[in-house]
$ cat protein39.pdb   # PDB, C-alpha atoms
MODEL        1
ATOM      1  CA  MET A 329     -10.299-110.936  10.725
ATOM      2  CA  ARG A 330      -9.353-110.653   7.058
ATOM      3  CA  THR A 331     -12.778-111.993   6.081
ATOM      4  CA  SER A 332     -14.479-109.352   8.232
ATOM      5  CA  LEU A 333     -12.353-106.603   6.720
ATOM      6  CA  THR A 334     -13.103-107.870   3.224
ATOM      7  CA  ARG A 335     -16.810-107.883   3.953
ATOM      8  CA  LEU A 336     -16.583-104.387   5.445
ATOM      9  CA  SER A 337     -14.703-103.087   2.397
ATOM     10  CA  SER A 338     -17.232-104.679   0.053
ATOM     11  CA  GLY A 339     -20.072-103.148   2.037
ATOM     12  CA  LEU A 340     -18.488 -99.692   1.956
ATOM     13  CA  ALA A 341     -17.868-100.023  -1.776
ATOM     14  CA  ALA A 342     -21.512-100.967  -2.318
ATOM     15  CA  LEU A 343     -22.673 -98.001  -0.232
ATOM     16  CA  THR A 344     -20.385 -95.709  -2.217
ATOM     17  CA  VAL A 345     -21.836 -96.957  -5.494
ATOM     18  CA  LEU A 346     -25.389 -96.611  -4.123
ATOM     19  CA  PHE A 347     -24.678 -93.066  -2.910
ATOM     20  CA  ALA A 348     -23.149 -92.060  -6.255
ATOM     21  CA  SER A 349     -26.091 -93.567  -8.122
ATOM     22  CA  THR A 350     -28.540 -91.685  -5.902
ATOM     23  CA  VAL A 351     -26.721 -88.373  -6.378
ATOM     24  CA  PHE A 352     -26.609 -88.933 -10.139
ATOM     25  CA  ALA A 353     -30.317 -89.754 -10.214
ATOM     26  CA  GLN A 354     -31.136 -86.646  -8.157
ATOM     27  CA  SER A 355     -28.991 -84.495 -10.439
ATOM     28  CA  ALA A 356     -30.674 -85.953 -13.513
ATOM     29  CA  ALA A 357     -34.114 -85.338 -12.004
ATOM     30  CA  LEU A 358     -33.158 -81.752 -11.187
ATOM     31  CA  ALA A 359     -31.891 -81.228 -14.745
ATOM     32  CA  ASP A 360     -35.183 -82.539 -16.105
ATOM     33  CA  GLU A 361     -37.146 -80.292 -13.756
ATOM     34  CA  ASN A 362     -34.936 -77.237 -14.266
ATOM     35  CA  PRO A 363     -33.494 -77.479 -17.798
ATOM     36  CA  TYR A 364     -32.454 -73.805 -17.775
ATOM     37  CA  ALA A 365     -30.859 -73.823 -14.334
ATOM     38  CA  ARG A 366     -27.541 -72.005 -14.429
ATOM     39  CA  GLY A 367     -24.931 -71.906 -11.705
ATOM     40  CA  PRO A 368     -24.537 -73.755  -8.398
ATOM     41  CA  GLU A 369     -27.168 -74.387  -5.732
ATOM     42  CA  PRO A 370     -28.313 -70.939  -4.561
ATOM     43  CA  THR A 371     -27.968 -69.652  -1.017
ATOM     44  CA  GLN A 372     -28.774 -66.348   0.636
ATOM     45  CA  GLN A 373     -25.069 -65.581   0.428
ATOM     46  CA  SER A 374     -24.886 -66.353  -3.288
ATOM     47  CA  ILE A 375     -27.767 -64.068  -4.287
ATOM     48  CA  GLU A 376     -26.397 -61.260  -2.134
ATOM     49  CA  ALA A 377     -22.827 -61.590  -3.410
ATOM     50  CA  THR A 378     -21.404 -58.803  -5.554
ATOM     51  CA  ARG A 379     -20.411 -61.447  -8.122
ATOM     52  CA  GLY A 380     -21.834 -64.826  -9.057
ATOM     53  CA  SER A 381     -20.110 -67.914 -10.404
ATOM     54  CA  TYR A 382     -19.590 -66.718 -14.008
ATOM     55  CA  ASP A 383     -16.728 -64.601 -15.312
ATOM     56  CA  VAL A 384     -18.112 -61.652 -17.269
ATOM     57  CA  SER A 385     -17.094 -59.837 -20.420
ATOM     58  CA  GLN A 386     -18.638 -56.684 -21.855
ATOM     59  CA  THR A 387     -18.997 -54.906 -25.163
ATOM     60  CA  ARG A 388     -20.076 -51.376 -26.018
ATOM     61  CA  VAL A 389     -22.850 -50.821 -28.559
ATOM     62  CA  PRO A 390     -22.703 -47.282 -30.051
ATOM     63  CA  SER A 391     -25.939 -45.450 -30.759
ATOM     64  CA  TYR A 392     -25.162 -45.073 -34.468
ATOM     65  CA  SER A 393     -25.138 -48.852 -34.906
ATOM     66  CA  VAL A 394     -28.705 -49.452 -33.682
ATOM     67  CA  ARG A 395     -32.268 -48.307 -34.252
ATOM     68  CA  GLY A 396     -35.065 -47.711 -31.799
ATOM     69  CA  PHE A 397     -32.912 -46.973 -28.736
ATOM     70  CA  GLY A 398     -29.678 -45.191 -27.883
ATOM     71  CA  GLY A 399     -27.110 -47.970 -27.736
ATOM     72  CA  GLY A 400     -25.612 -49.258 -24.524
ATOM     73  CA  THR A 401     -23.345 -51.866 -22.958
ATOM     74  CA  ILE A 402     -23.795 -55.639 -23.057
ATOM     75  CA  TYR A 403     -22.513 -57.738 -20.158
ATOM     76  CA  TYR A 404     -22.395 -61.493 -20.665
ATOM     77  CA  PRO A 405     -20.978 -64.696 -19.150
ATOM     78  CA  THR A 406     -17.641 -65.475 -20.782
ATOM     79  CA  SER A 407     -18.172 -69.242 -20.769
ATOM     80  CA  THR A 408     -20.601 -70.975 -23.122
ATOM     81  CA  ALA A 409     -20.236 -74.386 -21.486
ATOM     82  CA  ASP A 410     -23.708 -74.243 -19.933
ATOM     83  CA  GLY A 411     -25.526 -73.414 -23.160
ATOM     84  CA  THR A 412     -27.612 -70.324 -23.823
ATOM     85  CA  PHE A 413     -28.706 -67.754 -21.255
ATOM     86  CA  GLY A 414     -31.745 -65.627 -20.618
ATOM     87  CA  ALA A 415     -31.359 -61.909 -21.344
ATOM     88  CA  VAL A 416     -32.524 -58.707 -19.693
ATOM     89  CA  ALA A 417     -32.556 -55.112 -20.979
ATOM     90  CA  ILE A 418     -32.297 -52.297 -18.405
ATOM     91  CA  ALA A 419     -33.461 -48.707 -18.989
ATOM     92  CA  PRO A 420     -32.372 -45.652 -16.985
ATOM     93  CA  GLY A 421     -34.603 -42.951 -15.545
ATOM     94  CA  TYR A 422     -35.567 -39.475 -16.724
ATOM     95  CA  THR A 423     -32.496 -37.433 -17.833
ATOM     96  CA  ALA A 424     -30.175 -40.303 -16.825
ATOM     97  CA  SER A 425     -27.861 -42.444 -18.919
ATOM     98  CA  GLN A 426     -26.977 -46.126 -18.841
ATOM     99  CA  SER A 427     -24.109 -45.349 -16.474
ATOM    100  CA  SER A 428     -26.664 -44.880 -13.684
ATOM    101  CA  MET A 429     -27.552 -48.581 -13.962
ATOM    102  CA  ALA A 430     -24.093 -49.910 -14.833
ATOM    103  CA  TRP A 431     -23.553 -51.610 -11.460
ATOM    104  CA  LEU A 432     -26.312 -54.104 -12.289
ATOM    105  CA  GLY A 433     -24.616 -55.237 -15.521
ATOM    106  CA  PRO A 434     -21.797 -57.423 -14.181
ATOM    107  CA  ARG A 435     -23.719 -58.312 -11.040
ATOM    108  CA  LEU A 436     -26.582 -59.928 -12.955
ATOM    109  CA  ALA A 437     -24.427 -61.296 -15.781
ATOM    110  CA  SER A 438     -22.185 -63.120 -13.313
ATOM    111  CA  GLN A 439     -25.283 -64.996 -12.136
ATOM    112  CA  GLY A 440     -25.934 -66.341 -15.631
ATOM    113  CA  PHE A 441     -27.694 -63.702 -17.753
ATOM    114  CA  VAL A 442     -26.892 -61.552 -20.761
ATOM    115  CA  VAL A 443     -27.549 -57.987 -19.586
ATOM    116  CA  PHE A 444     -27.994 -54.903 -21.750
ATOM    117  CA  THR A 445     -27.910 -51.515 -19.998
ATOM    118  CA  ILE A 446     -29.227 -49.064 -22.560
ATOM    119  CA  ASP A 447     -29.258 -45.377 -23.310
ATOM    120  CA  THR A 448     -32.505 -43.905 -24.543
ATOM    121  CA  THR A 449     -32.862 -41.892 -27.736
ATOM    122  CA  SER A 450     -33.571 -38.816 -25.617
ATOM    123  CA  ARG A 451     -32.979 -38.306 -21.916
ATOM    124  CA  TYR A 452     -36.505 -36.904 -21.729
ATOM    125  CA  ASP A 453     -38.330 -39.911 -23.186
ATOM    126  CA  GLN A 454     -41.524 -40.861 -21.347
ATOM    127  CA  PRO A 455     -42.351 -44.361 -20.016
ATOM    128  CA  SER A 456     -44.224 -45.493 -23.139
ATOM    129  CA  SER A 457     -41.217 -44.631 -25.297
ATOM    130  CA  ARG A 458     -38.826 -46.283 -22.848
ATOM    131  CA  GLY A 459     -40.941 -49.434 -22.990
ATOM    132  CA  ASP A 460     -40.635 -49.483 -26.781
ATOM    133  CA  GLN A 461     -36.892 -48.953 -26.504
ATOM    134  CA  LEU A 462     -36.489 -51.831 -24.064
ATOM    135  CA  LEU A 463     -38.197 -54.124 -26.564
ATOM    136  CA  ALA A 464     -36.066 -52.741 -29.402
ATOM    137  CA  ALA A 465     -32.950 -53.460 -27.337
ATOM    138  CA  LEU A 466     -34.046 -57.057 -26.768
ATOM    139  CA  ASP A 467     -34.697 -57.436 -30.478
ATOM    140  CA  TYR A 468     -31.192 -56.175 -31.229
ATOM    141  CA  LEU A 469     -29.705 -58.499 -28.612
ATOM    142  CA  THR A 470     -31.343 -61.602 -30.033
ATOM    143  CA  THR A 471     -31.065 -60.885 -33.766
ATOM    144  CA  SER A 472     -28.091 -58.596 -34.441
ATOM    145  CA  SER A 473     -25.697 -58.409 -31.501
ATOM    146  CA  ASP A 474     -22.346 -60.167 -31.378
ATOM    147  CA  VAL A 475     -23.615 -62.269 -28.453
ATOM    148  CA  ARG A 476     -26.912 -63.371 -30.008
ATOM    149  CA  SER A 477     -25.800 -67.009 -30.173
ATOM    150  CA  ARG A 478     -25.432 -67.004 -26.374
ATOM    151  CA  ILE A 479     -29.064 -65.972 -25.817
ATOM    152  CA  ASP A 480     -32.261 -67.990 -25.667
ATOM    153  CA  PRO A 481     -34.748 -65.654 -27.437
ATOM    154  CA  GLU A 482     -37.639 -67.288 -25.568
ATOM    155  CA  ARG A 483     -36.298 -66.200 -22.165
ATOM    156  CA  LEU A 484     -36.251 -62.412 -22.056
ATOM    157  CA  ALA A 485     -36.905 -59.780 -19.394
ATOM    158  CA  VAL A 486     -36.884 -56.024 -18.825
ATOM    159  CA  MET A 487     -35.835 -53.808 -15.938
ATOM    160  CA  GLY A 488     -35.804 -50.066 -15.460
ATOM    161  CA  HIS A 489     -35.493 -47.195 -13.013
ATOM    162  CA  SER A 490     -37.983 -44.348 -12.539
ATOM    163  CA  MET A 491     -39.470 -43.614 -15.996
ATOM    164  CA  GLY A 492     -37.481 -46.637 -17.139
ATOM    165  CA  GLY A 493     -39.290 -48.569 -14.419
ATOM    166  CA  GLY A 494     -42.580 -47.218 -15.738
ATOM    167  CA  GLY A 495     -41.369 -48.379 -19.137
ATOM    168  CA  THR A 496     -41.158 -51.980 -17.895
ATOM    169  CA  PHE A 497     -44.933 -51.951 -17.394
ATOM    170  CA  GLU A 498     -45.405 -50.600 -20.906
ATOM    171  CA  ALA A 499     -43.085 -53.247 -22.363
ATOM    172  CA  ALA A 500     -44.875 -56.034 -20.499
ATOM    173  CA  LYS A 501     -48.222 -54.734 -21.751
ATOM    174  CA  ASP A 502     -46.998 -54.668 -25.350
ATOM    175  CA  ASP A 503     -45.151 -57.992 -25.287
ATOM    176  CA  PRO A 504     -46.809 -60.693 -23.152
ATOM    177  CA  ALA A 505     -44.071 -63.128 -24.199
ATOM    178  CA  LEU A 506     -41.662 -61.460 -21.756
ATOM    179  CA  GLN A 507     -40.773 -63.844 -18.942
ATOM    180  CA  ALA A 508     -40.209 -61.213 -16.243
ATOM    181  CA  ALA A 509     -40.207 -57.471 -15.592
ATOM    182  CA  ILE A 510     -38.786 -55.423 -12.713
ATOM    183  CA  GLY A 511     -39.683 -51.797 -12.019
ATOM    184  CA  LEU A 512     -37.270 -49.951  -9.712
ATOM    185  CA  THR A 513     -38.828 -46.926  -7.971
ATOM    186  CA  PRO A 514     -41.091 -46.720 -11.046
ATOM    187  CA  TRP A 515     -42.799 -43.575 -12.344
ATOM    188  CA  ASN A 516     -45.771 -43.681 -14.706
ATOM    189  CA  THR A 517     -48.918 -41.610 -15.057
ATOM    190  CA  ASP A 518     -50.812 -44.765 -16.050
ATOM    191  CA  LYS A 519     -51.329 -46.926 -12.952
ATOM    192  CA  THR A 520     -53.569 -49.676 -14.310
ATOM    193  CA  PHE A 521     -52.183 -52.615 -16.260
ATOM    194  CA  PRO A 522     -54.871 -55.327 -16.052
ATOM    195  CA  GLU A 523     -53.683 -56.858 -19.325
ATOM    196  CA  VAL A 524     -50.171 -57.626 -18.053
ATOM    197  CA  SER A 525     -49.506 -61.337 -17.590
ATOM    198  CA  THR A 526     -45.712 -61.084 -17.177
ATOM    199  CA  PRO A 527     -44.444 -61.783 -13.630
ATOM    200  CA  MET A 528     -43.747 -58.295 -12.235
ATOM    201  CA  LEU A 529     -41.501 -57.269  -9.355
ATOM    202  CA  VAL A 530     -41.999 -53.692  -8.129
ATOM    203  CA  ILE A 531     -39.373 -52.193  -5.826
ATOM    204  CA  GLY A 532     -40.309 -48.900  -4.171
ATOM    205  CA  ALA A 533     -38.398 -46.606  -1.812
ATOM    206  CA  GLN A 534     -39.954 -45.497   1.462
ATOM    207  CA  ASN A 535     -38.577 -41.929   1.304
ATOM    208  CA  ASP A 536     -39.029 -41.416  -2.443
ATOM    209  CA  THR A 537     -40.074 -37.809  -3.060
ATOM    210  CA  VAL A 538     -39.791 -37.961  -6.871
ATOM    211  CA  ALA A 539     -42.113 -40.939  -7.375
ATOM    212  CA  PRO A 540     -43.676 -41.419  -3.919
ATOM    213  CA  VAL A 541     -44.733 -44.989  -3.300
ATOM    214  CA  ARG A 542     -48.300 -43.916  -2.446
ATOM    215  CA  THR A 543     -48.785 -42.413  -5.900
ATOM    216  CA  HIS A 544     -46.530 -44.601  -8.041
ATOM    217  CA  ALA A 545     -45.005 -47.916  -6.875
ATOM    218  CA  GLU A 546     -47.955 -49.037  -4.733
ATOM    219  CA  PRO A 547     -50.757 -48.200  -7.192
ATOM    220  CA  LEU A 548     -48.691 -49.658 -10.046
ATOM    221  CA  TYR A 549     -48.410 -52.892  -8.083
ATOM    222  CA  GLU A 550     -52.106 -52.818  -7.196
ATOM    223  CA  GLY A 551     -52.995 -52.089 -10.838
ATOM    224  CA  LEU A 552     -51.625 -55.467 -11.890
ATOM    225  CA  PRO A 553     -53.953 -58.504 -11.958
ATOM    226  CA  ASP A 554     -54.355 -60.110  -8.528
ATOM    227  CA  ASP A 555     -54.350 -63.563 -10.085
ATOM    228  CA  GLY A 556     -50.943 -62.982 -11.661
ATOM    229  CA  GLN A 557     -47.428 -63.378 -10.339
ATOM    230  CA  LYS A 558     -46.406 -60.106  -8.745
ATOM    231  CA  ALA A 559     -44.464 -58.833  -5.752
ATOM    232  CA  TYR A 560     -43.842 -55.492  -4.055
ATOM    233  CA  ILE A 561     -40.769 -54.705  -1.958
ATOM    234  CA  GLU A 562     -40.285 -51.340  -0.250
ATOM    235  CA  LEU A 563     -36.773 -50.250   0.700
ATOM    236  CA  ARG A 564     -36.710 -48.814   4.204
ATOM    237  CA  GLY A 565     -35.509 -45.209   4.396
ATOM    238  CA  ALA A 566     -34.382 -45.203   0.760
ATOM    239  CA  SER A 567     -34.721 -42.408  -1.791
ATOM    240  CA  HIS A 568     -35.829 -42.428  -5.413
ATOM    241  CA  PHE A 569     -32.218 -42.853  -6.494
ATOM    242  CA  ALA A 570     -31.467 -46.014  -4.496
ATOM    243  CA  PRO A 571     -31.290 -48.079  -7.728
ATOM    244  CA  ASN A 572     -28.440 -45.906  -9.038
ATOM    245  CA  THR A 573     -25.870 -47.379  -6.643
ATOM    246  CA  SER A 574     -25.050 -50.909  -5.552
ATOM    247  CA  ASP A 575     -27.838 -52.192  -3.311
ATOM    248  CA  THR A 576     -27.958 -55.709  -1.883
ATOM    249  CA  THR A 577     -31.750 -55.907  -1.545
ATOM    250  CA  ILE A 578     -32.345 -54.708  -5.097
ATOM    251  CA  ALA A 579     -29.745 -57.100  -6.473
ATOM    252  CA  SER A 580     -30.722 -60.207  -4.504
ATOM    253  CA  SER A 581     -34.450 -59.717  -5.104
ATOM    254  CA  SER A 582     -33.895 -59.088  -8.811
ATOM    255  CA  ILE A 583     -31.604 -62.105  -9.179
ATOM    256  CA  ALA A 584     -34.140 -64.368  -7.496
ATOM    257  CA  TRP A 585     -36.994 -62.998  -9.640
ATOM    258  CA  LEU A 586     -35.078 -63.388 -12.892
ATOM    259  CA  LYS A 587     -33.794 -66.839 -11.985
ATOM    260  CA  ARG A 588     -37.263 -68.063 -11.076
ATOM    261  CA  PHE A 589     -39.205 -66.649 -14.012
ATOM    262  CA  VAL A 590     -36.663 -66.274 -16.834
ATOM    263  CA  ASP A 591     -34.825 -69.523 -16.095
ATOM    264  CA  ASP A 592     -37.831 -71.348 -14.566
ATOM    265  CA  ASP A 593     -35.378 -72.371 -11.854
ATOM    266  CA  THR A 594     -37.456 -73.711  -8.970
ATOM    267  CA  ARG A 595     -34.399 -73.660  -6.700
ATOM    268  CA  TYR A 596     -35.182 -69.959  -6.246
ATOM    269  CA  ASP A 597     -38.796 -70.440  -5.096
ATOM    270  CA  ARG A 598     -37.833 -69.892  -1.467
ATOM    271  CA  PHE A 599     -36.269 -66.506  -2.225
ATOM    272  CA  VAL A 600     -39.280 -65.266  -4.214
ATOM    273  CA  CYS A 601     -42.052 -66.550  -1.960
ATOM    274  CA  PRO A 602     -42.621 -64.968   0.495
ATOM    275  CA  GLY A 603     -39.689 -62.674  -0.385
ATOM    276  CA  PRO A 604     -37.289 -60.805   1.907
ATOM    277  CA  SER A 605     -38.218 -60.233   5.549
ATOM    278  CA  THR A 606     -39.038 -56.755   6.759
ATOM    279  CA  GLY A 607     -36.314 -55.246   8.893
ATOM    280  CA  ILE A 608     -33.398 -52.860   8.586
ATOM    281  CA  ALA A 609     -33.393 -52.855   4.757
ATOM    282  CA  VAL A 610     -37.056 -53.537   3.918
ATOM    283  CA  SER A 611     -40.129 -51.762   5.290
ATOM    284  CA  GLU A 612     -42.874 -53.660   3.443
ATOM    285  CA  VAL A 613     -43.363 -56.778   1.338
ATOM    286  CA  ARG A 614     -46.434 -57.907  -0.588
ATOM    287  CA  SER A 615     -46.813 -60.809  -2.961
ATOM    288  CA  THR A 616     -49.365 -63.038  -4.621
ATOM    289  CA  CYS A 617     -46.910 -65.819  -3.699
ATOM    290  CA  PRO A 618     -47.905 -68.295  -6.416
ATOM    291  CA  PHE A 619     -45.954 -71.269  -5.030
TER     292      PHE A 619
ENDMDL
END
$ encode --input "protein39.pdb" --output "structure tokens"
Amino acid sequence: MRTSLTRLSSGLAALTVLFASTVFAQSAALADENPYARGPEPTQQSIEATRGSYDVSQTRVPSYSVRGFGGGTIYYPTSTADGTFGAVAIAPGYTASQSSMAWLGPRLASQGFVVFTIDTTSRYDQPSSRGDQLLAALDYLTTSSDVRSRIDPERLAVMGHSMGGGGTFEAAKDDPALQAAIGLTPWNTDKTFPEVSTPMLVIGAQNDTVAPVRTHAEPLYEGLPDDGQKAYIELRGASHFAPNTSDTTIASSSIAWLKRFVDDDTRYDRFVCPGPSTGIAVSEVRSTCPF
């Protein structure tokens, strides 16, 4: 009996060692495949949560201390244990201030990004100017800000609402090194961007009367190269100002897009391709679905 128990214990110990070795090997393989992965294994719940796994701090950047944009607020993960993070600058819409996009700051930062919600130099700046200001904000973040050491300058993205959303197309056109861009109910008189190679997510609103999807979000999406990485999500029943308040579809889709293309984190493939299902929150989804 004792011999049998000894053999059983030895067998269980061997299985435990084998299991641990397998888990370690899988973790090492994942780290090699996804060197910029940040945070735990993603789930639908985790990308929809109001906060991710990182505690967040913030710092105000006054307009008088910067050039090329109007200052703003930086949100960033408090811990540096996981190394550097990707960064994203977010521009508001026509006549709006950074406060209209403030909800996205801690929500995205808590998922493992440095986020800069900016004010523009004038509330009446057009998309081309807002694109320039987004790039100026990223330059400040990576070269002059107090959190520059936390940022990987090779992993940068832009987001924006309305004319700020139109500005994301302009920024992506001017700087092909951007890893991702997201236009939220975007407005731009220019609808063709064949030169853009940056992965672009366009989120339109079905009941948008300021920038109707038929004349803005849809043609902007269609004006991007068909052989590129792009996606279009239309919010069912939503207005032009949906991005100005907390929205689960906007947040989860943006998190997945940024994680996949800024962090090259393949764990998020399933949330990007084919994207969210149509239903109560989403009326239409299109994508080149590259993987």
$ resolve_selection --input "protein39.pdb" --expression "the PyMOL selection byres ((chain A and resi 613-617) around 10)" --output "ChimeraX atom specification"
/A:529-531,546,549,553-563,597,600-606,610-612,618-619
$ closest_atom_pairs --input "protein39.pdb" --of "region 494-596 of chain A" --to "region 366-375 of chain A" --cutoff "10 Å" --atoms "all atoms listed in the file" --output "tab-separated table"
residue	atom	partner	partner_atom	distance
A:Thr576	CA	A:Ile375	CA	8.7
A:Thr577	CA	A:Ile375	CA	9.5
A:Ala579	CA	A:Ile375	CA	7.6
A:Ser580	CA	A:Ile375	CA	4.9
A:Ser581	CA	A:Ile375	CA	8.0
A:Ser582	CA	A:Ile375	CA	9.1
A:Ile583	CA	A:Ile375	CA	6.5
A:Ala584	CA	A:Ile375	CA	7.1
A:Lys587	CA	A:Arg366	CA	8.5
A:Asp591	CA	A:Arg366	CA	7.9
A:Asp593	CA	A:Arg366	CA	8.3
A:Arg595	CA	A:Pro370	CA	7.0
A:Tyr596	CA	A:Pro370	CA	7.1
$ residues_around --input "protein39.pdb" --residues "region 381-387 of chain A" --least-positions-apart "3" --cutoff "12 Å" --atoms "only C-alpha atoms" --output "NGL selection string"
:A and (366-370 or 374-375 or 377-378 or 390 or 399-410 or 413 or 430 or 433-445 or 469 or 473-475)
$ closest_atom_pairs --input "protein39.pdb" --of "region 398-417 of chain A" --to "region 492-513 of chain A" --cutoff "12 Å" --atoms "only C-alpha atoms" --output "JSON lines"
{"residue": "A:Gly414", "atom": "CA", "partner": "A:Gln507", "partner_atom": "CA", "distance": 9.4}
{"residue": "A:Ala415", "atom": "CA", "partner": "A:Gln507", "partner_atom": "CA", "distance": 9.9}
{"residue": "A:Val416", "atom": "CA", "partner": "A:Ala508", "partner_atom": "CA", "distance": 8.8}
{"residue": "A:Ala417", "atom": "CA", "partner": "A:Ala509", "partner_atom": "CA", "distance": 9.6}
$ closest_residue --input "protein39.pdb" --among "A:Phe569, A:Tyr364, A:Tyr468, A:Tyr452" --to "Phe397 (chain A)" --atoms "only C-alpha atoms"
A:Tyr468
